[in-house]
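To be precise, the following lines are target-v9.cif, and they hold mmCIF, C-alpha atoms.
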data_upload
loop_
_atom_site.label_atom_id
_atom_site.label_comp_id
_atom_site.auth_asym_id
_atom_site.auth_seq_id
_atom_site.Cartn_x
_atom_site.Cartn_y
_atom_site.Cartn_z
CA MET L 104 126.47 -47.24 24.09
CA LEU L 105 125.54 -43.99 22.36
CA ASP L 106 122.87 -43.71 19.69
CA ILE L 107 124.63 -43.54 16.31
CA LYS L 108 121.87 -41.21 15.08
CA ILE L 109 122.95 -38.59 17.61
CA ILE L 110 126.55 -38.87 16.43
CA ARG L 111 125.54 -38.64 12.76
CA GLU L 112 123.27 -35.64 13.26
CA ASN L 113 125.59 -33.51 15.41
CA PRO L 114 129.09 -34.95 15.85
CA GLU L 115 130.56 -31.64 17.04
CA ASP L 116 128.03 -31.41 19.87
CA VAL L 117 128.91 -34.96 20.93
CA LYS L 118 132.61 -34.09 20.93
CA THR L 119 131.99 -30.96 23.01
CA ARG L 120 129.88 -32.78 25.59
CA LEU L 121 132.43 -35.57 25.98
CA LYS L 122 135.19 -33.00 26.47
CA ALA L 123 133.13 -31.66 29.38
CA LYS L 124 133.65 -35.15 30.80
CA GLU L 125 137.40 -34.66 30.29
CA VAL L 126 137.49 -37.24 27.49
CA ASP L 127 138.85 -36.42 24.04
CA CYS L 128 137.05 -38.71 21.60
CA ASP L 129 137.38 -36.54 18.48
CA ALA L 130 139.46 -39.06 16.53
CA ALA L 131 137.25 -41.97 17.62
CA ILE L 132 134.07 -40.16 16.57
CA ASP L 133 135.53 -39.21 13.20
CA ARG L 134 136.55 -42.82 12.64
CA ILE L 135 133.12 -44.08 13.75
CA LEU L 136 131.46 -41.86 11.17
CA GLU L 137 133.80 -43.19 8.46
CA LEU L 138 133.07 -46.78 9.45
CA ASP L 139 129.34 -46.09 9.72
CA GLY L 140 129.32 -44.76 6.15
CA GLU L 141 131.33 -47.69 4.82
CA ARG L 142 129.21 -50.15 6.81
CA ARG L 143 125.95 -48.87 5.31
CA GLU L 144 127.46 -48.91 1.82
CA LEU L 145 128.68 -52.50 2.26
CA ILE L 146 125.30 -53.61 3.57
CA PHE L 147 123.62 -52.10 0.51
CA LYS L 148 126.09 -53.85 -1.81
CA THR L 149 125.78 -57.27 -0.20
CA GLU L 150 121.99 -57.04 -0.09
CA SER L 151 121.92 -56.05 -3.77
CA ALA L 152 124.24 -58.91 -4.72
CA LYS L 153 122.20 -61.42 -2.71
CA SER L 154 119.00 -60.15 -4.29
CA GLU L 155 120.48 -60.66 -7.77
CA GLN L 156 121.73 -64.08 -6.70
CA ASN L 157 118.26 -65.13 -5.53
CA LYS L 158 116.62 -63.78 -8.69
CA THR L 159 119.11 -65.58 -10.95
CA THR L 160 118.74 -68.84 -9.03
CA LYS L 161 115.01 -68.81 -9.70
CA GLN L 162 115.62 -68.35 -13.46
CA ILE L 163 117.83 -71.41 -13.89
CA PRO L 164 115.13 -74.15 -13.76
CA ALA L 165 113.04 -72.35 -16.39
CA MET L 166 116.08 -71.88 -18.64
CA LYS L 167 117.01 -75.55 -18.38
CA LYS L 168 113.45 -76.59 -19.12
CA ALA L 169 113.44 -74.37 -22.22
CA GLY L 170 116.75 -75.86 -23.33
CA GLU L 171 118.61 -72.56 -23.03
CA ASP L 172 122.36 -72.35 -22.40
CA THR L 173 122.99 -71.63 -18.70
CA THR L 174 126.80 -71.35 -18.86
CA ALA L 175 126.82 -67.55 -18.58
CA VAL L 176 124.28 -67.66 -15.75
CA PHE L 177 126.35 -70.09 -13.71
CA ALA L 178 129.44 -68.00 -14.37
CA ARG L 179 127.59 -64.97 -13.04
CA MET L 180 126.45 -67.00 -10.02
CA ASN L 181 130.07 -67.83 -9.22
CA GLU L 182 131.02 -64.17 -9.58
CA LEU L 183 128.24 -63.15 -7.21
CA LYS L 184 129.29 -65.81 -4.71
CA GLU L 185 132.85 -64.52 -4.60
CA GLU L 186 131.68 -60.91 -4.53
CA ILE L 187 129.36 -61.56 -1.59
CA LYS L 188 132.10 -63.47 0.24
CA ALA L 189 134.52 -60.55 -0.16
CA ILE L 190 131.93 -57.94 0.87
CA ASP L 191 130.86 -59.94 3.94
CA ALA L 192 134.47 -60.37 5.03
CA ARG L 193 135.10 -56.65 4.80
CA LEU L 194 131.76 -55.93 6.48
CA LYS L 195 132.78 -58.07 9.44
CA GLU L 196 136.07 -56.17 9.77
CA VAL L 197 134.24 -52.84 9.63
CA GLU L 198 131.54 -53.89 12.11
CA ASP L 199 134.09 -55.30 14.57
CA GLU L 200 136.08 -52.04 14.58
CA TYR L 201 132.87 -49.98 14.65
CA ARG L 202 131.50 -51.90 17.67
CA THR L 203 134.80 -51.68 19.54
CA LEU L 204 134.94 -47.90 19.09
CA MET L 205 131.26 -47.45 19.98
CA LEU L 206 131.68 -49.52 23.16
CA GLY L 207 134.67 -47.36 24.10
CA LEU L 208 132.72 -44.09 24.02
CA PRO L 209 131.51 -42.91 27.44
CA ASN L 210 127.97 -41.74 28.06
CA LEU L 211 127.05 -38.15 27.25
CA PRO L 212 126.79 -36.02 30.39
CA ASP L 213 123.53 -34.18 30.98
CA ARG L 214 123.73 -30.60 29.75
CA ASP L 215 123.18 -29.03 33.18
CA LEU L 216 126.35 -30.53 34.68
CA ARG L 217 129.41 -28.41 35.25
CA PRO L 218 132.31 -29.37 32.98
CA GLY L 219 135.57 -30.68 34.39
CA GLY L 220 136.55 -32.91 37.29
CA LYS L 221 135.79 -33.22 40.99
CA GLU L 222 137.06 -29.70 41.67
CA ASN L 223 133.82 -28.54 40.03
CA ASN L 224 131.51 -30.77 42.06
CA GLU L 225 128.66 -28.80 43.60
CA PRO L 226 127.31 -29.45 47.14
CA ILE L 227 123.59 -28.76 46.85
CA ARG L 228 122.31 -29.46 50.38
CA TYR L 229 123.51 -30.34 53.89
CA PHE L 230 121.82 -32.42 56.58
CA GLY L 231 122.29 -32.35 60.35
CA GLU L 232 124.97 -30.64 62.36
CA LYS L 233 128.67 -31.38 62.43
CA HIS L 234 129.77 -33.31 65.50
CA SER L 235 132.01 -31.50 67.94
CA PHE L 236 133.93 -33.23 70.72
CA ASP L 237 135.09 -31.91 74.08
CA PHE L 238 137.72 -34.66 74.14
CA GLU L 239 140.32 -36.00 71.71
CA PRO L 240 138.32 -38.30 69.39
CA LYS L 241 139.72 -41.66 68.35
CA HIS L 242 140.20 -43.06 64.86
CA HIS L 243 137.69 -45.76 63.88
CA VAL L 244 140.48 -48.37 63.66
CA ASP L 245 141.35 -47.78 67.32
CA LEU L 246 137.70 -47.71 68.39
CA CYS L 247 136.86 -50.92 66.55
CA THR L 248 139.97 -52.65 67.89
CA ASP L 249 139.45 -51.51 71.50
CA LEU L 250 135.78 -52.52 71.45
CA GLY L 251 136.50 -55.87 69.80
CA LEU L 252 134.34 -55.10 66.76
CA ILE L 253 136.87 -55.77 64.01
CA ASP L 254 140.07 -57.76 63.86
CA TYR L 255 142.24 -56.05 61.27
CA ASP L 256 145.35 -58.14 61.89
CA ARG L 257 143.63 -61.48 61.44
CA GLY L 258 141.69 -60.19 58.45
CA THR L 259 145.04 -59.39 56.85
CA LYS L 260 146.37 -62.78 57.88
CA LEU L 261 143.46 -64.52 56.18
CA ALA L 262 143.40 -62.56 52.90
CA GLY L 263 146.18 -59.96 52.83
CA SER L 264 146.13 -56.17 53.02
CA GLY L 265 142.86 -54.45 52.23
CA PHE L 266 140.74 -57.01 54.11
CA TRP L 267 139.32 -57.07 57.63
CA MET L 268 137.27 -59.45 59.78
CA TYR L 269 134.13 -58.47 61.68
CA LYS L 270 133.63 -60.29 64.95
CA GLY L 271 131.20 -60.39 67.86
CA LEU L 272 129.17 -57.22 68.18
CA GLY L 273 131.00 -55.83 65.15
CA ALA L 274 129.53 -58.58 62.98
CA GLN L 275 126.12 -58.01 64.55
CA LEU L 276 126.37 -54.27 63.99
CA GLU L 277 127.31 -54.78 60.33
CA TRP L 278 124.34 -57.12 59.88
CA ALA L 279 122.07 -54.63 61.68
CA LEU L 280 123.01 -51.97 59.11
CA LEU L 281 122.17 -54.33 56.26
CA ASN L 282 118.85 -55.29 57.86
CA TYR L 283 117.98 -51.61 58.32
CA PHE L 284 118.64 -50.91 54.64
CA ILE L 285 116.70 -54.00 53.53
CA ASP L 286 113.66 -53.21 55.69
CA CYS L 287 113.52 -49.65 54.32
CA HIS L 288 113.62 -50.83 50.70
CA LEU L 289 110.98 -53.50 51.29
CA ALA L 290 108.72 -50.88 52.87
CA ASP L 291 109.11 -48.77 49.72
CA GLY L 292 107.96 -51.63 47.51
CA TYR L 293 111.29 -52.62 45.97
CA GLU L 294 111.86 -56.27 45.04
CA PHE L 295 114.69 -58.03 46.90
CA ILE L 296 117.28 -59.74 44.66
CA LEU L 297 120.17 -61.98 45.68
CA PRO L 298 122.21 -62.29 42.45
CA PRO L 299 125.22 -64.53 41.72
CA HIS L 300 128.53 -63.10 42.94
CA MET L 301 130.41 -64.40 39.88
CA LEU L 302 129.32 -62.92 36.57
CA GLU L 303 130.02 -63.44 32.90
CA TYR L 304 131.85 -60.81 30.84
CA GLN L 305 128.65 -59.61 29.14
CA CYS L 306 127.34 -58.33 32.50
CA GLY L 307 130.29 -55.97 32.84
CA LEU L 308 129.94 -54.97 29.20
CA THR L 309 126.26 -54.11 29.61
CA ALA L 310 126.90 -52.09 32.75
CA GLY L 311 129.63 -50.15 30.93
CA GLN L 312 132.44 -51.33 33.20
CA PHE L 313 134.02 -53.46 30.47
CA PRO L 314 136.13 -53.36 28.40
CA LYS L 315 137.76 -50.26 29.92
CA PHE L 316 137.83 -51.42 33.54
CA ALA L 317 138.14 -55.18 33.02
CA ASP L 318 141.55 -55.17 34.75
CA GLU L 319 140.13 -53.61 37.93
CA VAL L 320 138.01 -56.61 38.93
CA TYR L 321 138.89 -60.09 40.16
CA LYS L 322 138.91 -62.66 37.38
CA ILE L 323 138.20 -66.35 37.97
CA GLU L 324 139.18 -68.97 35.39
CA ASN L 325 137.62 -72.42 35.58
CA PRO L 326 140.40 -75.04 35.52
CA THR L 327 138.18 -77.69 33.91
CA ASP L 328 136.81 -75.72 30.93
CA ASP L 329 137.20 -72.37 29.17
CA ARG L 330 134.67 -70.43 31.25
CA VAL L 331 135.80 -67.16 32.81
CA HIS L 332 133.87 -65.32 35.51
CA TYR L 333 134.37 -61.99 37.25
CA MET L 334 133.67 -61.28 40.90
CA LEU L 335 131.08 -58.54 40.88
CA PRO L 336 132.43 -55.10 41.83
CA THR L 337 128.88 -53.96 42.61
CA ALA L 338 125.42 -55.49 42.31
CA GLU L 339 124.72 -52.95 39.55
CA ALA L 340 126.74 -55.17 37.21
CA ALA L 341 124.28 -58.01 37.80
CA LEU L 342 121.05 -56.02 38.00
CA ALA L 343 121.73 -54.14 34.76
CA SER L 344 121.67 -57.46 32.88
CA VAL L 345 118.54 -58.98 34.44
CA TYR L 346 116.53 -58.15 31.29
CA ARG L 347 119.39 -58.25 28.80
CA ASP L 348 118.16 -59.09 25.27
CA GLU L 349 114.54 -58.93 26.42
CA ILE L 350 111.56 -56.77 25.45
CA LEU L 351 109.36 -55.68 28.35
CA SER L 352 105.85 -54.34 28.05
CA GLU L 353 105.17 -50.76 29.08
CA ASP L 354 102.93 -52.07 31.86
CA ASP L 355 105.96 -53.87 33.35
CA LEU L 356 107.69 -50.55 34.07
CA PRO L 357 109.06 -49.31 36.32
CA LYS L 358 110.97 -52.27 37.70
CA LYS L 359 112.40 -51.45 41.14
CA PHE L 360 115.01 -53.80 42.59
CA PHE L 361 117.49 -53.85 45.42
CA ALA L 362 120.20 -56.41 46.03
CA TYR L 363 122.56 -57.28 48.84
CA THR L 364 126.01 -58.53 47.83
CA PRO L 365 129.57 -58.38 48.98
CA CYS L 366 131.52 -56.31 46.44
CA PHE L 367 135.01 -57.19 45.22
CA ARG L 368 137.45 -54.61 43.86
CA ARG L 369 141.16 -54.78 43.25
CA GLU L 370 141.71 -51.16 44.38
CA ALA L 371 145.16 -51.08 42.80
CA GLY L 372 147.63 -48.53 44.11
CA SER L 373 148.82 -47.40 47.52
CA TYR L 374 146.51 -46.19 50.24
CA ARG L 375 146.86 -42.71 51.71
CA SER L 376 147.63 -42.51 55.40
CA ASP L 377 144.14 -41.15 56.12
CA GLU L 378 142.51 -44.16 54.44
CA ARG L 379 143.64 -46.83 56.85
CA GLY L 380 141.00 -49.18 58.15
CA MET L 381 137.76 -49.75 56.24
CA VAL L 382 137.60 -46.70 53.99
CA ARG L 383 139.11 -48.57 51.05
CA GLY L 384 139.22 -52.31 50.72
CA HIS L 385 139.03 -55.25 48.36
CA GLN L 386 135.76 -56.62 49.79
CA PHE L 387 132.87 -54.78 51.37
CA ASN L 388 129.11 -55.16 51.83
CA LYS L 389 126.58 -53.09 49.94
CA VAL L 390 122.88 -52.91 49.27
CA GLU L 391 122.26 -51.56 45.77
CA MET L 392 119.08 -49.98 44.37
CA PHE L 393 118.24 -50.28 40.68
CA GLN L 394 115.41 -49.17 38.40
CA PHE L 395 114.31 -49.83 34.82
CA THR L 396 112.00 -47.03 33.65
CA ARG L 397 110.41 -45.42 30.63
CA PRO L 398 112.54 -42.54 29.28
CA GLU L 399 110.03 -39.91 30.39
CA ASP L 400 110.07 -41.27 33.96
CA SER L 401 113.81 -41.47 34.57
CA ASP L 402 114.25 -37.96 36.00
CA ALA L 403 111.58 -38.62 38.64
CA ALA L 404 113.14 -42.02 39.34
CA PHE L 405 116.51 -40.35 39.86
CA ASP L 406 115.03 -37.93 42.39
CA GLU L 407 113.35 -40.85 44.16
CA LEU L 408 116.63 -42.77 44.49
CA VAL L 409 118.49 -39.70 45.78
CA THR L 410 115.77 -39.08 48.37
CA LYS L 411 115.85 -42.73 49.47
CA ALA L 412 119.64 -42.65 49.95
CA GLU L 413 119.39 -39.39 51.90
CA LYS L 414 116.70 -40.83 54.17
CA LEU L 415 118.79 -43.91 54.92
CA VAL L 416 121.76 -41.82 56.02
CA SER L 417 119.57 -39.30 57.85
CA GLY L 418 117.88 -42.14 59.73
CA LEU L 419 121.23 -43.06 61.23
CA GLY L 420 121.51 -39.54 62.67
CA PHE L 421 124.55 -38.45 60.67
CA HIS L 422 125.69 -35.10 59.38
CA PHE L 423 126.17 -35.39 55.60
CA ARG L 424 125.78 -33.57 52.32
CA THR L 425 124.48 -34.26 48.82
CA VAL L 426 126.82 -33.34 45.98
CA LYS L 427 126.04 -32.91 42.28
CA LEU L 428 129.03 -34.28 40.40
CA ALA L 429 130.69 -32.40 37.59
CA ALA L 430 130.65 -34.11 34.21
CA GLY L 431 134.24 -35.34 34.50
CA ASP L 432 133.65 -36.92 37.91
CA CYS L 433 130.70 -39.00 36.70
CA SER L 434 131.63 -42.54 35.74
CA ALA L 435 131.94 -43.43 32.07
CA SER L 436 128.50 -45.05 31.95
CA MET L 437 126.52 -42.31 33.63
CA ALA L 438 124.80 -39.17 32.37
CA ARG L 439 124.45 -37.66 35.85
CA THR L 440 125.40 -38.60 39.41
CA TYR L 441 124.69 -37.26 42.90
CA ASP L 442 126.92 -38.47 45.74
CA ILE L 443 125.83 -38.66 49.37
CA GLU L 444 128.94 -37.77 51.37
CA ILE L 445 129.29 -38.37 55.08
CA LEU L 446 131.74 -36.67 57.43
CA ILE L 447 134.36 -39.01 58.88
CA PRO L 448 136.07 -36.97 61.65
CA SER L 449 139.47 -38.71 61.47
CA MET L 450 139.69 -37.88 57.75
CA ASN L 451 138.82 -34.21 58.21
CA GLY L 452 136.47 -34.36 55.26
CA TYR L 453 133.56 -35.99 53.52
CA LYS L 454 133.55 -39.45 51.97
CA GLU L 455 131.01 -40.84 49.51
CA VAL L 456 128.70 -43.49 51.00
CA SER L 457 126.13 -43.53 48.21
CA SER L 458 126.34 -42.72 44.53
CA VAL L 459 123.04 -42.32 42.67
CA SER L 460 123.26 -42.25 38.87
CA ASN L 461 121.13 -42.13 35.74
CA ALA L 462 122.57 -43.98 32.75
CA ARG L 463 119.68 -42.88 30.48
CA ASP L 464 119.57 -45.47 27.63
CA TYR L 465 123.36 -46.06 27.58
CA GLN L 466 123.33 -49.42 29.42
CA ALA L 467 120.09 -50.52 27.74
CA ARG L 468 121.69 -50.11 24.30
CA ARG L 469 124.71 -52.15 25.37
CA GLY L 470 122.43 -54.89 26.73
CA ASN L 471 119.64 -54.57 24.14
CA ILE L 472 116.99 -53.99 26.83
CA ARG L 473 113.78 -52.60 25.35
CA PHE L 474 110.08 -52.13 26.02
CA LYS L 475 107.00 -51.94 23.80
CA ARG L 476 104.48 -49.15 24.23
CA ALA L 477 101.01 -50.22 25.37
CA ASP L 478 99.39 -48.43 22.42
CA GLY L 479 101.21 -50.73 20.03
CA GLY L 480 103.80 -48.12 19.20
CA LYS L 481 107.45 -48.62 18.50
CA THR L 482 109.89 -50.58 20.61
CA GLU L 483 112.19 -48.31 22.65
CA PHE L 484 115.18 -48.68 24.93
CA VAL L 485 114.49 -48.43 28.66
CA HIS L 486 116.38 -46.10 30.97
CA THR L 487 118.42 -47.59 33.83
CA LEU L 488 119.30 -46.00 37.17
CA ASN L 489 121.23 -47.20 40.20
CA GLY L 490 122.12 -46.01 43.67
CA SER L 491 123.92 -47.32 46.72
CA GLY L 492 121.46 -48.00 49.46
CA LEU L 493 123.97 -48.23 51.18
CA ALA L 494 127.61 -49.40 51.33
CA THR L 495 128.68 -50.19 54.89
CA SER L 496 132.46 -49.83 54.64
CA ARG L 497 132.26 -46.06 55.15
CA ILE L 498 129.00 -45.94 57.11
CA PHE L 499 130.57 -48.17 59.79
CA PRO L 500 133.66 -46.00 60.47
CA ALA L 501 131.59 -42.80 60.35
CA MET L 502 129.11 -44.35 62.77
CA VAL L 503 131.66 -45.32 65.42
CA GLU L 504 133.61 -42.05 65.04
CA GLN L 505 130.62 -39.69 65.13
CA ASN L 506 128.94 -41.62 67.96
CA GLN L 507 131.98 -42.14 70.20
CA ARG L 508 132.07 -40.93 73.80
CA ALA L 509 134.90 -39.78 76.00
CA ASP L 510 135.16 -43.17 77.74
CA GLY L 511 135.76 -44.95 74.40
CA SER L 512 132.24 -46.35 74.13
CA VAL L 513 130.02 -45.91 71.06
CA VAL L 514 126.32 -45.08 71.01
CA VAL L 515 124.27 -47.35 68.74
CA PRO L 516 121.99 -45.42 66.33
CA GLU L 517 118.40 -45.76 67.47
CA VAL L 518 117.20 -47.36 64.22
CA LEU L 519 119.67 -50.24 64.67
CA ARG L 520 118.88 -51.11 68.29
CA LYS L 521 115.96 -53.44 67.48
CA TYR L 522 118.39 -55.62 65.52
CA LEU L 523 120.77 -55.79 68.50
CA GLY L 524 118.33 -56.81 71.22
CA GLY L 525 117.82 -53.21 72.34
CA LEU L 526 121.55 -52.52 72.89
CA GLU L 527 122.10 -48.76 73.19
CA VAL L 528 125.82 -48.43 73.90
CA ILE L 529 128.79 -50.60 72.96
CA SER L 530 131.41 -50.46 75.71
CA LYS L 531 134.76 -52.06 76.22
CA LYS L 532 134.45 -55.32 78.13
#
Mind turning this structure into structure tokens?
Amino acid sequence: MLDIKIIRENPEDVKTRLKAKEVDCDAAIDRILELDGERRELIFKTESAKSEQNKTTKQIPAMKKAGEDTTAVFARMNELKEEIKAIDARLKEVEDEYRTLMLGLPNLPDRDLRPGGKENNEPIRYFGEKHSFDFEPKHHVDLCTDLGLIDYDRGTKLAGSGFWMYKGLGAQLEWALLNYFIDCHLADGYEFILPPHMLEYQCGLTAGQFPKFADEVYKIENPTDDRVHYMLPTAEAALASVYRDEILSEDDLPKKFFAYTPCFRREAGSYRSDERGMVRGHQFNKVEMFQFTRPEDSDAAFDELVTKAEKLVSGLGFHFRTVKLAAGDCSASMARTYDIEILIPSMNGYKEVSSVSNARDYQARRGNIRFKRADGGKTEFVHTLNGSGLATSRIFPAMVEQNQRADGSVVVPEVLRKYLGGLEVISKK
């Protein structure tokens, strides 16, 4: 949620920055300012009326004791009661519309981002060398099927299209990736979190995914009561709410977490022919990094998360690049995002395997997450940051495609071998 003070002080600048994100919120901002003005006026009126009501109430016993006529006073009390009731009713209407519009505004993009969509994304560095083959390379679906790593047909039989089933060495290889990520984060001093996989609506609201994207997640209704849960689309949705409605001390910050979860996404729409296999799916595994920081520390925290994601991918021996997203390609909740994109040979291009973002105080305002300065100063909103560390559903296909050999075998990345009993090459049985 944006700071209303920023909107009041320079609404035209807010409109311009949101247009850089390819969002036209002019009418919404104008309406927010109207509602904000009316809201403050109504609050003043109701507080004034309640103050008069309290003052008059205190006068009545003394008037009765003195034998004075209180008819006019009670008449005025009834008038005030009705007046306050009418003002409060209108105030609720105004605040409901105001909150809905405020929750619908996306985050302001950082000023150094290029305006527009993904066509204006900016690759800022490359790692490793592109793989070249002296044979006709196979698609990861064929490699995984031939080597018995993944059963796509039975995955579809169990859950429908967009699902797959790891088996044998494929399941071990997937778990080796997750263990590699976890060990790296533990070594860096991050706290391991295993959150619930079903979340309440407020978690999505705090993260900025709801209400706009509420239809893009799986919804679970309890048949025995009125509870509704949502399958988490990413651990960010859970981690962002860990301290919701809490006040931390400055000494508590930064908080550095990582979580492993399966992620569930509806992924509505048809798949392109080059996205067959694991590139897009309804369920995939991911380790997510998350930080709560002081505002002045969030830029350094962002750089730290980007470097950590780069090191994870580099450790697997891949060629990849880091891309600074244009304003319009950043998600609604984020002020800036860098994507780590890995080359998947069969797709003739790069695919995002990690997305590192800084939400500034946008999520903290939605979740009322604050901290108090150690010097006894004012209470402030924290900054929140997140980054994939990493998702496996694109790492896995890139790994088998980049590491394939002419005989159809796949070389296991060195960092994963200790999790597979020293296995160096996966060959067809």
(Q) Quick check on the file I pasted: which residues fall under the PyMOL selection byres ((chain L and resi 245) around 12)? Write them as number ranges by chain. (A) L: 240-244, 246-255, 379-381, 449, 500, 503-504, 507, 511-512, 531
Please build the interface table for region 240-338 of chain L against region 191-205 of chain L with a cut-off of 12 Å, listing for each qualifying residue the nearest atom pair and the distance in Å to one decimal; count all atoms listed in the file, order rows by chain and increasing number, and write it as a Markdown table.
| residue | atom | partner | partner_atom | distance |
| --- | --- | --- | --- | --- |
| L:Leu308 | CA | L:Thr203 | CA | 11.3 |
| L:Gly311 | CA | L:Met205 | CA | 11.4 |
| L:Phe313 | CA | L:Thr203 | CA | 11.1 |
| L:Pro314 | CA | L:Thr203 | CA | 9.1 |
| L:Lys315 | CA | L:Thr203 | CA | 10.9 |
Q: Could you please determine the separation between CA of Asn388 (chain L) and CA of Ser496 (chain L) in Å, to one decimal place?
A: 6.9 Å
Q: Could you tell me which residues the PyMOL selection byres ((chain L and resi 459-470) around 8) returns for this structure, as JSON, numbers by chain?
A: {"L": [104, 105, 106, 206, 210, 308, 309, 310, 311, 343, 344, 347, 348, 398, 401, 405, 408, 409, 436, 437, 438, 439, 440, 441, 442, 457, 458, 471, 472, 473, 484, 485, 486, 487, 488, 489, 490, 491]}
Q | Given the PyMOL selection byres ((chain L and resi 117-119) around 12), the residues it picks as a VMD selection string | A | chain L and resid 105 to 116 120 to 133 208 to 214 218 to 219 430
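Atom pair CA of Phe236 (chain L) / CA of Asp510 (chain L) has a distance of 12.2 Å (rounded to one decimal).
Among L:Tyr363, L:Lys532, L:Glu141, L:Gly492, the residue with the shortest atom-to-atom distance to Lys411 (chain L), counting all atoms listed in the file, is L:Gly492.
Using all atoms listed in the file, the shortest contact distance between Pro516 (chain L) and any of L:Ile443, L:Met301, L:Ile350, L:Ala279 is found at L:Ala279.
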Q: Choose the residue, out of L:Met166, L:Leu276, L:Ile227, L:Leu519, that has the smallest atom-to-atom separation from Glu444 (chain L); count all atoms listed in the file.
A: L:Ile227
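CA of Lys481 (chain L) to CA of Asp355 (chain L) spans 15.8 Å [interatomic distance, one decimal].
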Q) Between L:Glu324, L:Glu171, L:Glu137, L:Asp286, which has the minimum distance to Val518 (chain L) (counting only C-alpha atoms)? A) L:Asp286
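Nearest residue to Cys433 (chain L), choosing from L:Asn282, L:Asn224, L:Thr160, L:Ser417 and counting only C-alpha atoms: L:Asn224.
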Could you write out as JSON the box around region 422-433 of chain L (axis-aligned, all atoms listed in the file, 3 Å on each side), with centre and edge lengths in Å to one decimal?
{"center_x": 129.4, "center_y": -35.7, "center_z": 46.8, "size_x": 15.8, "size_y": 12.6, "size_z": 31.2}
Q: May I have the residues within 7 Å of Gly220 (chain L) as a list of chain:residue names, using all atoms listed in the file and disregarding those fewer than 5 positions away in the same chain?
A: L:Ala429, L:Ala430, L:Gly431, L:Asp432
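Distance annotation: of L:Phe284, L:Phe177, L:Phe367, L:Tyr293, the residue with the minimal separation from Phe387 (chain L) is L:Phe367; atom set is all atoms listed in the file.
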Ala341 (chain L): which residues within 9 Å, counting all atoms listed in the file, same-chain residues fewer than 2 positions away excluded, as a PDB file with C-alpha atoms, in the frame of the given file?
ATOM      1  CA  PRO L 298     122.210 -62.290  42.450  1.00  0.00           C
ATOM      2  CA  PRO L 299     125.220 -64.530  41.720  1.00  0.00           C
ATOM      3  CA  HIS L 300     128.530 -63.100  42.940  1.00  0.00           C
ATOM      4  CA  LEU L 302     129.320 -62.920  36.570  1.00  0.00           C
ATOM      5  CA  CYS L 306     127.340 -58.330  32.500  1.00  0.00           C
ATOM      6  CA  GLY L 307     130.290 -55.970  32.840  1.00  0.00           C
ATOM      7  CA  ALA L 310     126.900 -52.090  32.750  1.00  0.00           C
ATOM      8  CA  LEU L 335     131.080 -58.540  40.880  1.00  0.00           C
ATOM      9  CA  THR L 337     128.880 -53.960  42.610  1.00  0.00           C
ATOM     10  CA  ALA L 338     125.420 -55.490  42.310  1.00  0.00           C
ATOM     11  CA  GLU L 339     124.720 -52.950  39.550  1.00  0.00           C
ATOM     12  CA  ALA L 343     121.730 -54.140  34.760  1.00  0.00           C
ATOM     13  CA  SER L 344     121.670 -57.460  32.880  1.00  0.00           C
ATOM     14  CA  VAL L 345     118.540 -58.980  34.440  1.00  0.00           C
TER      15      VAL L 345
END
Q. If you count all atoms listed in the file, which residues fall within 7 Å of Arg424 (chain L), apart from same-chain ones fewer than 6 positions away, as a count of residues only?
A. 7
Taking (114.6, -60.2, 41.1) in the file's coordinates as the center, which residues reach within 10 Å of it, counting all atoms listed in the file, put as an mmCIF file with C-alpha atoms, in the coordinates of the input?
data_model
loop_
_atom_site.group_PDB
_atom_site.id
_atom_site.type_symbol
_atom_site.label_atom_id
_atom_site.label_comp_id
_atom_site.auth_asym_id
_atom_site.auth_seq_id
_atom_site.Cartn_x
_atom_site.Cartn_y
_atom_site.Cartn_z
ATOM 1 C CA TYR L 293 111.290 -52.620 45.970
ATOM 2 C CA GLU L 294 111.860 -56.270 45.040
ATOM 3 C CA PHE L 295 114.690 -58.030 46.900
ATOM 4 C CA ILE L 296 117.280 -59.740 44.660
ATOM 5 C CA LEU L 297 120.170 -61.980 45.680
ATOM 6 C CA PRO L 298 122.210 -62.290 42.450
ATOM 7 C CA LEU L 342 121.050 -56.020 38.000
ATOM 8 C CA VAL L 345 118.540 -58.980 34.440
ATOM 9 C CA LYS L 358 110.970 -52.270 37.700
ATOM 10 C CA LYS L 359 112.400 -51.450 41.140
ATOM 11 C CA PHE L 360 115.010 -53.800 42.590
ATOM 12 C CA PHE L 361 117.490 -53.850 45.420
ATOM 13 C CA ALA L 362 120.200 -56.410 46.030
#
